[in-house]
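Listing of data-v2.cif, mmCIF, C-alpha atoms
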data_upload
#
loop_
_atom_site.label_atom_id
_atom_site.label_comp_id
_atom_site.auth_asym_id
_atom_site.auth_seq_id
_atom_site.Cartn_x
_atom_site.Cartn_y
_atom_site.Cartn_z
CA MET P 100 123.50 106.20 125.05
CA SER P 101 123.88 107.20 128.69
CA ILE P 102 126.13 104.26 129.56
CA ILE P 103 129.80 105.12 129.13
CA VAL P 104 132.33 102.30 128.73
CA ASN P 105 135.60 103.17 130.46
CA LEU P 106 137.46 100.07 129.37
CA ASP P 107 140.21 102.16 127.75
CA VAL P 108 140.95 103.91 131.04
CA VAL P 109 141.10 100.67 133.03
CA LEU P 110 143.30 99.04 130.38
CA ALA P 111 145.69 102.00 130.49
CA LYS P 112 145.81 101.86 134.31
CA ARG P 113 146.66 98.15 134.18
CA LYS P 114 149.07 98.75 131.27
CA MET P 115 147.39 95.98 129.31
CA LYS P 116 146.82 95.87 125.55
CA SER P 117 143.39 95.18 124.02
CA ILE P 118 144.63 92.12 122.14
CA GLU P 119 145.98 90.67 125.39
CA LEU P 120 142.67 91.19 127.22
CA ALA P 121 140.69 89.81 124.29
CA LYS P 122 142.76 86.61 124.43
CA LEU P 123 142.39 86.30 128.21
CA VAL P 124 138.62 86.89 128.09
CA GLY P 125 138.13 84.63 125.08
CA ILE P 126 136.51 87.13 122.71
CA THR P 127 137.73 88.52 119.41
CA GLU P 128 139.63 91.79 119.29
CA GLN P 129 136.88 93.09 117.02
CA ASN P 130 134.24 92.42 119.69
CA LEU P 131 136.38 94.07 122.33
CA SER P 132 136.68 97.08 120.03
CA ILE P 133 132.86 97.18 119.70
CA LEU P 134 132.69 97.30 123.49
CA LYS P 135 135.44 99.93 123.83
CA THR P 136 133.92 102.26 121.26
CA GLY P 137 130.49 102.09 122.89
CA LYS P 138 128.84 100.48 119.86
CA ALA P 139 127.80 97.37 121.82
CA LYS P 140 124.07 96.97 122.47
CA ALA P 141 124.54 94.40 125.25
CA ILE P 142 127.25 92.77 127.33
CA ARG P 143 127.04 89.20 128.61
CA LEU P 144 127.53 88.76 132.35
CA SER P 145 130.10 86.07 131.56
CA THR P 146 132.13 88.59 129.48
CA LEU P 147 131.88 91.22 132.22
CA ASP P 148 132.89 88.61 134.77
CA ALA P 149 135.99 87.65 132.76
CA ILE P 150 136.99 91.29 132.13
CA CYS P 151 136.68 92.16 135.84
CA LYS P 152 138.64 89.03 136.75
CA HIS P 153 141.58 89.79 134.44
CA LEU P 154 141.64 93.54 135.04
CA GLU P 155 141.08 93.06 138.80
CA CYS P 156 138.36 95.66 138.91
CA GLN P 157 134.65 96.13 139.62
CA PRO P 158 131.90 96.37 136.91
CA GLY P 159 131.43 99.98 138.01
CA ASP P 160 135.01 100.77 137.01
CA ILE P 161 134.19 99.78 133.42
CA LEU P 162 130.59 100.96 133.10
CA GLU P 163 129.40 104.40 134.10
CA TYR P 164 126.00 106.06 133.83
CA LYS P 165 125.91 109.68 132.68
CA ASN P 166 122.62 111.48 132.16
CA GLN P 167 122.87 112.94 128.67
CA GLU P 168 119.54 114.80 128.46
CA MET B 1356 126.96 68.67 101.30
CA ASN B 1357 125.63 70.95 104.05
CA ASN B 1358 122.47 73.06 103.82
CA LEU B 1359 124.22 76.31 102.91
CA SER B 1360 126.08 74.66 100.02
CA LYS B 1361 122.77 73.22 98.79
CA ILE B 1362 121.12 76.65 99.02
CA MET B 1363 124.01 78.18 97.08
CA LYS B 1364 123.81 75.48 94.41
CA PHE B 1365 120.03 75.79 93.89
CA SER B 1366 120.27 79.58 93.98
CA LYS B 1367 122.75 79.47 91.13
CA SER B 1368 120.21 77.54 89.01
CA PHE B 1369 117.37 79.91 89.93
CA HIS B 1370 119.58 82.90 89.17
CA LEU B 1371 120.24 81.47 85.72
CA LEU B 1372 116.54 80.73 85.12
CA LEU B 1373 115.55 84.27 86.16
CA SER B 1374 118.22 85.78 83.91
CA PHE B 1375 116.70 83.79 81.03
CA LEU B 1376 113.16 84.93 81.92
CA LEU B 1377 114.29 88.56 82.08
CA VAL B 1378 115.20 88.29 78.40
CA ALA B 1379 112.48 85.86 77.28
CA ILE B 1380 109.44 87.68 78.71
CA PRO B 1381 110.08 91.07 77.09
CA LEU B 1382 110.86 89.21 73.86
CA TYR B 1383 107.53 87.38 74.13
CA TYR B 1384 105.66 90.69 74.54
CA ILE B 1385 107.45 92.27 71.57
CA THR B 1386 106.87 89.22 69.36
CA TYR B 1387 103.20 89.02 70.43
CA TRP B 1388 102.47 92.58 69.31
CA ILE B 1389 104.54 92.43 66.13
CA PHE B 1390 102.93 89.20 64.92
CA ILE B 1391 99.46 89.87 66.34
CA ASN B 1392 97.91 89.74 62.86
CA HIS B 1393 99.42 86.33 62.15
CA LEU B 1394 98.50 84.64 65.43
CA PRO B 1395 95.62 82.15 65.67
CA GLU B 1396 92.38 83.75 66.88
CA THR B 1397 92.47 81.85 70.15
CA PHE B 1398 95.42 84.04 71.18
CA ILE B 1399 93.46 87.25 70.90
CA ASN B 1400 89.99 86.11 71.91
CA VAL B 1401 88.16 88.28 74.41
CA ASN B 1402 85.56 85.64 75.34
CA ILE B 1403 82.43 87.32 74.06
CA ASN B 1404 80.70 84.41 72.31
CA PRO B 1405 78.91 84.19 70.03
CA THR B 1406 79.73 87.64 68.59
CA PRO B 1407 82.69 87.20 66.25
CA LEU B 1408 85.65 89.53 66.51
CA ILE B 1409 87.40 91.09 63.56
CA PRO B 1410 89.64 88.28 62.41
CA ASN B 1411 93.25 89.16 63.23
CA LYS B 1412 93.54 92.48 61.44
CA LEU B 1413 94.89 95.19 63.67
CA PRO B 1414 96.26 98.35 62.07
CA ILE B 1415 99.81 99.31 63.01
CA LYS B 1416 98.51 102.20 65.18
CA LEU B 1417 96.51 99.82 67.37
CA GLN B 1418 99.41 97.37 67.45
CA LEU B 1419 101.60 100.17 68.76
CA ILE B 1420 99.03 101.24 71.37
CA GLY B 1421 98.74 97.60 72.47
CA PHE B 1422 102.49 97.25 72.79
CA ILE B 1423 102.85 100.52 74.74
CA VAL B 1424 100.13 99.45 77.19
CA SER B 1425 101.74 96.02 77.49
CA LEU B 1426 104.83 97.81 78.83
CA LEU B 1427 102.88 98.46 82.07
CA PRO B 1428 102.56 94.83 83.28
CA LEU B 1429 105.88 94.04 81.63
CA SER B 1430 107.67 96.71 83.68
CA ALA B 1431 106.10 95.43 86.93
CA LEU B 1432 107.02 91.85 86.00
CA THR B 1433 110.59 92.83 85.08
CA TYR B 1434 110.93 94.83 88.31
CA GLY B 1435 109.81 91.77 90.29
CA LEU B 1436 112.13 89.45 88.40
CA VAL B 1437 115.11 91.80 88.86
CA ASN B 1438 114.47 91.85 92.61
CA ILE B 1439 114.08 88.07 92.90
CA ARG B 1440 117.20 87.62 90.79
CA LYS B 1441 119.13 89.94 93.13
CA LEU B 1442 117.83 87.91 96.08
CA PHE B 1443 119.19 84.72 94.53
CA SER B 1444 122.51 86.39 93.72
CA PHE B 1445 122.84 86.99 97.49
CA TYR B 1446 121.90 83.38 98.29
CA LYS B 1447 124.36 82.24 95.62
CA LYS B 1448 127.14 83.97 97.55
CA GLY B 1449 125.96 82.40 100.82
CA VAL B 1450 124.61 85.70 102.22
CA ILE B 1451 121.21 84.71 103.57
CA PHE B 1452 120.18 87.48 105.94
CA SER B 1453 120.64 91.25 105.70
CA PHE B 1454 118.72 94.50 105.44
CA GLU B 1455 119.04 94.24 101.65
CA HIS B 1456 117.00 90.99 101.74
CA VAL B 1457 114.15 92.75 103.56
CA LYS B 1458 114.18 95.51 100.95
CA LEU B 1459 114.16 92.99 98.09
CA PHE B 1460 111.20 91.10 99.59
CA ARG B 1461 109.31 94.37 100.00
CA ASN B 1462 110.05 95.36 96.39
CA THR B 1463 108.90 91.95 95.14
CA ALA B 1464 105.60 92.34 97.00
CA LYS B 1465 105.16 95.79 95.47
CA ALA B 1466 105.91 94.36 92.02
CA LEU B 1467 103.26 91.62 92.46
CA ILE B 1468 100.58 94.12 93.48
CA LEU B 1469 101.55 96.54 90.69
CA TRP B 1470 101.49 93.67 88.22
CA VAL B 1471 97.88 92.85 89.14
CA VAL B 1472 96.80 96.49 88.77
CA PHE B 1473 98.62 96.89 85.44
CA SER B 1474 97.31 93.55 84.17
CA ILE B 1475 93.74 94.69 84.72
CA ILE B 1476 94.46 97.85 82.72
CA TYR B 1477 96.26 95.87 80.01
CA GLU B 1478 93.48 93.28 79.63
CA SER B 1479 90.87 96.05 79.48
CA VAL B 1480 92.78 97.91 76.75
CA LYS B 1481 93.29 94.62 74.87
CA SER B 1482 89.56 93.91 74.93
CA VAL B 1483 88.88 97.35 73.41
CA LEU B 1484 91.62 96.98 70.79
CA PHE B 1485 90.50 93.52 69.68
CA SER B 1486 86.85 94.47 69.41
CA ILE B 1487 87.18 98.02 68.07
CA GLY B 1488 86.54 96.82 64.51
CA ASN B 1489 83.27 95.14 65.50
CA PRO B 1490 79.99 96.73 64.52
CA PRO B 1491 78.57 99.24 67.05
CA GLY B 1492 76.96 97.45 69.96
CA THR B 1493 79.36 94.54 69.88
CA ARG B 1494 82.49 96.36 70.96
CA VAL B 1495 83.79 95.26 74.32
CA LEU B 1496 85.43 96.84 77.35
CA LYS B 1497 86.31 94.04 79.72
CA VAL B 1498 87.39 95.06 83.20
CA GLY B 1499 87.86 92.15 85.52
CA LEU B 1500 89.63 90.60 88.43
CA ASP B 1501 89.87 86.83 88.06
CA SER B 1502 91.01 84.21 90.53
CA ALA B 1503 94.64 84.25 89.28
CA GLU B 1504 94.86 87.97 89.98
CA ILE B 1505 93.26 87.60 93.41
CA THR B 1506 95.77 84.83 94.19
CA THR B 1507 98.64 87.09 93.10
CA LEU B 1508 97.28 89.87 95.33
CA VAL B 1509 97.12 87.48 98.31
CA VAL B 1510 100.67 86.25 97.58
CA GLY B 1511 101.83 89.88 97.35
CA GLY B 1512 100.26 90.59 100.74
CA ILE B 1513 101.91 87.51 102.26
CA VAL B 1514 105.32 88.53 100.86
CA PHE B 1515 104.84 92.01 102.40
CA PHE B 1516 104.07 90.35 105.75
CA ILE B 1517 107.14 88.09 105.45
CA ALA B 1518 109.30 91.18 104.71
CA TRP B 1519 107.94 92.80 107.87
CA ILE B 1520 108.79 89.74 109.97
CA MET B 1521 112.22 89.49 108.32
CA ASP B 1522 112.90 93.09 109.33
CA GLU B 1523 112.22 92.15 112.97
CA GLY B 1524 114.57 89.18 112.55
CA ARG B 1525 117.22 91.45 111.08
CA ILE B 1526 116.98 93.75 114.16
CA LEU B 1527 117.43 90.70 116.42
CA THR B 1528 120.43 89.50 114.37
CA GLU B 1529 121.98 92.96 114.50
CA GLU B 1530 121.46 93.08 118.25
CA ASN B 1531 123.02 89.64 118.59
CA GLU B 1532 126.03 90.75 116.53
CA LEU B 1533 126.49 93.74 118.85
CA THR B 1534 126.33 91.64 122.00
CA VAL B 1535 129.80 91.13 123.44
#

Is it possible to express this structure as structure tokens?
Amino acid sequence: MSIIVNLDVVLAKRKMKSIELAKLVGITEQNLSILKTGKAKAIRLSTLDAICKHLECQPGDILEYKNQE
Amino acid sequence: MNNLSKIMKFSKSFHLLLSFLLVAIPLYYITYWIFINHLPETFINVNINPTPLIPNKLPIKLQLIGFIVSLLPLSALTYGLVNIRKLFSFYKKGVIFSFEHVKLFRNTAKALILWVVFSIIYESVKSVLFSIGNPPGTRVLKVGLDSAEITTLVVGGIVFFIAWIMDEGRILTEENELTV
């Protein structure tokens, strides 16, 4: 897929652990892992909203489009 | 008791019934061909009134041919039963939706259609075997498709269609599971 999820990078910058973010956002660690590893097929706006709120970032910091043709 | 518990309970009973049928049906076929010469004529009638058939005397060679041909519908029937039994073993465990279910539905549909085809062959061979001892001109080759077989074909087609729809449902479920 051409959409790259940079959640790892943002988490490292904020020095926050996945389990901590999962608790703050209200999703399971397993679901956060699906998102981090790029296996997710869709992301709810409410989830994106909560992630951006707790990581104090923009959606563009987490999601990036790279043409992989 | 919620719905899933009820499904699991009923599935357990169906699983047991199918396990019994998987043993009983092959046994019926074997017994039928072993005791063919001792069965009442109504069991082996080929419906060609008023010409009488040879009364219940099949040589061992014909008995063997009959049994071997009977393995065709029997194998399709067993294949179908094994698949339905597997389906119920999933329901028994409370697993009600997966790719495996779609595959099992598809296999069951295939088994139903194969069963119809093999039954036609089996009935035709039976008609020849049971009338082979008749005088020339009264021997019979019966090839037919009756309403029960047409119904089975329609049911097979419907099951195929359901499997197709279930596959779409599975894709949606998978997508839902991968939505964060």

Tell me, counting all atoms listed in the file, for each residue of segment 1411-1526 of chain B within 7 Å of segment 1365-1377 of chain B, which pair of atoms is nearest and how far apart they are in Å to one decimal, in rows ordered by chain and increasing number, as CSV.
residue,atom,partner,partner_atom,distance
B:Thr1433,CA,B:Leu1377,CA,6.4
B:Leu1436,CA,B:Leu1373,CA,6.6
B:Arg1440,CA,B:His1370,CA,5.5
B:Phe1443,CA,B:Ser1366,CA,5.3
B:Ser1444,CA,B:His1370,CA,6.4
B:Tyr1446,CA,B:Ser1366,CA,6.0
B:Lys1447,CA,B:Ser1366,CA,5.1

field: P:Lys135, P:Lys165, P:Lys112, P:Lys152 ranked by distance to chain B, top pick (using only C-alpha atoms)
entry: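 Selected residue with least distance to chain B: P:Lys135.
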
query: Which residue gives the smallest distance to Leu134 of chain P among P:Met100, P:Asn105, P:Asp148, P:Glu163, with all atoms listed in the file counted?
result: P:Asn105

Answer as a list in words, residues within 12 Å of (145.0, 97.7, 132.5) using only C-alpha atoms: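 Final list of nearby residues, as requested, is Asn105, Leu106, Asp107, Val108, Val109, Leu110, Ala111, Lys112, Arg113, Lys114, Met115, Lys116, Ser117, Ile118, Glu119, Leu120, Ile150, Cys151, Lys152, His153, Leu154, Glu155, Cys156, Asp160 and Ile161 of chain P.
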
Store the residues of this selection in a file with C-alpha atoms, as an mmCIF file, in the coordinates of the input.
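Listing of part.cif after writing:
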data_model
loop_
_atom_site.group_PDB
_atom_site.id
_atom_site.type_symbol
_atom_site.label_atom_id
_atom_site.label_comp_id
_atom_site.auth_asym_id
_atom_site.auth_seq_id
_atom_site.Cartn_x
_atom_site.Cartn_y
_atom_site.Cartn_z
ATOM 1 C CA ASN P 105 135.600 103.170 130.460
ATOM 2 C CA LEU P 106 137.460 100.070 129.370
ATOM 3 C CA ASP P 107 140.210 102.160 127.750
ATOM 4 C CA VAL P 108 140.950 103.910 131.040
ATOM 5 C CA VAL P 109 141.100 100.670 133.030
ATOM 6 C CA LEU P 110 143.300 99.040 130.380
ATOM 7 C CA ALA P 111 145.690 102.000 130.490
ATOM 8 C CA LYS P 112 145.810 101.860 134.310
ATOM 9 C CA ARG P 113 146.660 98.150 134.180
ATOM 10 C CA LYS P 114 149.070 98.750 131.270
ATOM 11 C CA MET P 115 147.390 95.980 129.310
ATOM 12 C CA LYS P 116 146.820 95.870 125.550
ATOM 13 C CA SER P 117 143.390 95.180 124.020
ATOM 14 C CA ILE P 118 144.630 92.120 122.140
ATOM 15 C CA GLU P 119 145.980 90.670 125.390
ATOM 16 C CA LEU P 120 142.670 91.190 127.220
ATOM 17 C CA ILE P 150 136.990 91.290 132.130
ATOM 18 C CA CYS P 151 136.680 92.160 135.840
ATOM 19 C CA LYS P 152 138.640 89.030 136.750
ATOM 20 C CA HIS P 153 141.580 89.790 134.440
ATOM 21 C CA LEU P 154 141.640 93.540 135.040
ATOM 22 C CA GLU P 155 141.080 93.060 138.800
ATOM 23 C CA CYS P 156 138.360 95.660 138.910
ATOM 24 C CA ASP P 160 135.010 100.770 137.010
ATOM 25 C CA ILE P 161 134.190 99.780 133.420
#

message: Applying the PyMOL selection byres ((chain P and resi 130) around 9) to the file I just gave you, which residues come out? Please list them as a ChimeraX atom specification.
response: /P:121,126-129,131-135,139 /B:1532-1535

field: Pairwise distance for atom CA of Gly1488 of chain B and atom CA of Leu1419 of chain B, rounded to one decimal in Å
entry: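 Atom CA of Leu1419 of chain B lies 16.0 Å from atom CA of Gly1488 of chain B.
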
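If you look at atom CA of Lys1465 of chain B and atom CA of Thr1386 of chain B, they are 27.0 Å away from each other.
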
field: Result set, the PyMOL selection byres ((chain B and resi 1475) around 12) on current file, as a PyMOL selection string
entry: chain B and resi 1424-1425+1427-1428+1468-1474+1476-1482+1496-1501+1503-1505

Suppose a student applies the PyMOL selection byres ((chain B and resi 1522) around 12) to this structure; what residues should they get, written as a compact mmCIF listing (two decimals) with C-alpha atoms, in the frame of the given file?
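Listed below is the output, part_5.txt:
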# COMPACT_ATOMS: atom_id res chain seq x y z
CA PHE B 1452 120.18 87.48 105.94
CA SER B 1453 120.64 91.25 105.70
CA PHE B 1454 118.72 94.50 105.44
CA GLU B 1455 119.04 94.24 101.65
CA HIS B 1456 117.00 90.99 101.74
CA VAL B 1457 114.15 92.75 103.56
CA LYS B 1458 114.18 95.51 100.95
CA LEU B 1459 114.16 92.99 98.09
CA PHE B 1460 111.20 91.10 99.59
CA ARG B 1461 109.31 94.37 100.00
CA PHE B 1515 104.84 92.01 102.40
CA PHE B 1516 104.07 90.35 105.75
CA ILE B 1517 107.14 88.09 105.45
CA ALA B 1518 109.30 91.18 104.71
CA TRP B 1519 107.94 92.80 107.87
CA ILE B 1520 108.79 89.74 109.97
CA MET B 1521 112.22 89.49 108.32
CA GLU B 1523 112.22 92.15 112.97
CA GLY B 1524 114.57 89.18 112.55
CA ARG B 1525 117.22 91.45 111.08
CA ILE B 1526 116.98 93.75 114.16
CA LEU B 1527 117.43 90.70 116.42
CA THR B 1528 120.43 89.50 114.37
CA GLU B 1529 121.98 92.96 114.50

- request: Can you work out the spacing between atom CA of Tyr1434 of chain B and atom CA of Ala1379 of chain B in Å, to one decimal?
  value: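 According to the coordinates, atom CA of Tyr1434 of chain B and atom CA of Ala1379 of chain B are separated by 14.3 Å.
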
- prompt: With only C-alpha atoms as the atoms that count, which of P:Ser101, P:Gly137, P:Lys122, P:Ile142 lies nearest to chain B?
  reply: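 Once distances to chain B are computed over only C-alpha atoms, the minimum belongs to P:Ile142.
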
Provide segment 122-145 of chain P rebuilt to N, CA and C atoms, formatted as a compact mmCIF listing (two decimals), keeping the file's coordinate frame.
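Output saved as out-v2.txt:
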# COMPACT_ATOMS: atom_id res chain seq x y z
N LYS P 122 142.32 88.01 124.34
CA LYS P 122 142.76 86.61 124.43
C LYS P 122 142.41 86.01 125.78
N LEU P 123 142.66 86.79 126.85
CA LEU P 123 142.39 86.30 128.21
C LEU P 123 140.89 86.06 128.43
N VAL P 124 140.08 86.98 127.89
CA VAL P 124 138.62 86.89 128.09
C VAL P 124 138.00 85.83 127.17
N GLY P 125 138.65 85.62 126.03
CA GLY P 125 138.13 84.63 125.08
C GLY P 125 137.15 85.22 124.09
N ILE P 126 137.34 86.51 123.76
CA ILE P 126 136.51 87.13 122.71
C ILE P 126 137.45 87.67 121.63
N THR P 127 136.88 88.01 120.49
CA THR P 127 137.73 88.52 119.41
C THR P 127 138.10 89.97 119.71
N GLU P 128 139.18 90.40 119.10
CA GLU P 128 139.63 91.79 119.29
C GLU P 128 138.58 92.74 118.72
N GLN P 129 137.93 92.28 117.67
CA GLN P 129 136.88 93.09 117.02
C GLN P 129 135.73 93.33 117.99
N ASN P 130 135.33 92.27 118.71
CA ASN P 130 134.24 92.42 119.69
C ASN P 130 134.65 93.32 120.84
N LEU P 131 135.91 93.21 121.25
CA LEU P 131 136.38 94.07 122.33
C LEU P 131 136.37 95.53 121.87
N SER P 132 136.70 95.73 120.60
CA SER P 132 136.68 97.08 120.03
C SER P 132 135.25 97.64 120.01
N ILE P 133 134.27 96.76 119.70
CA ILE P 133 132.86 97.18 119.70
C ILE P 133 132.48 97.67 121.10
N LEU P 134 132.98 96.94 122.10
CA LEU P 134 132.69 97.30 123.49
C LEU P 134 133.38 98.62 123.87
N LYS P 135 134.65 98.74 123.49
CA LYS P 135 135.44 99.93 123.83
C LYS P 135 134.88 101.20 123.20
N THR P 136 134.41 101.07 121.97
CA THR P 136 133.92 102.26 121.26
C THR P 136 132.46 102.59 121.59
N GLY P 137 131.86 101.80 122.46
CA GLY P 137 130.49 102.09 122.89
C GLY P 137 129.44 101.71 121.87
N LYS P 138 129.82 100.88 120.88
CA LYS P 138 128.84 100.48 119.86
C LYS P 138 128.02 99.27 120.31
N ALA P 139 128.48 98.59 121.36
CA ALA P 139 127.80 97.37 121.82
C ALA P 139 126.40 97.69 122.33
N LYS P 140 125.45 96.79 122.00
CA LYS P 140 124.07 96.97 122.47
C LYS P 140 123.85 96.22 123.77
N ALA P 141 124.68 95.19 124.03
CA ALA P 141 124.54 94.40 125.25
C ALA P 141 125.87 93.77 125.61
N ILE P 142 126.04 93.46 126.89
CA ILE P 142 127.25 92.77 127.33
C ILE P 142 126.84 91.57 128.18
N ARG P 143 127.39 90.41 127.86
CA ARG P 143 127.04 89.20 128.61
C ARG P 143 127.67 89.28 130.00
N LEU P 144 126.98 88.76 130.99
CA LEU P 144 127.53 88.76 132.35
C LEU P 144 128.82 87.96 132.40
N SER P 145 128.89 86.90 131.58
CA SER P 145 130.10 86.07 131.56
C SER P 145 131.30 86.87 131.03
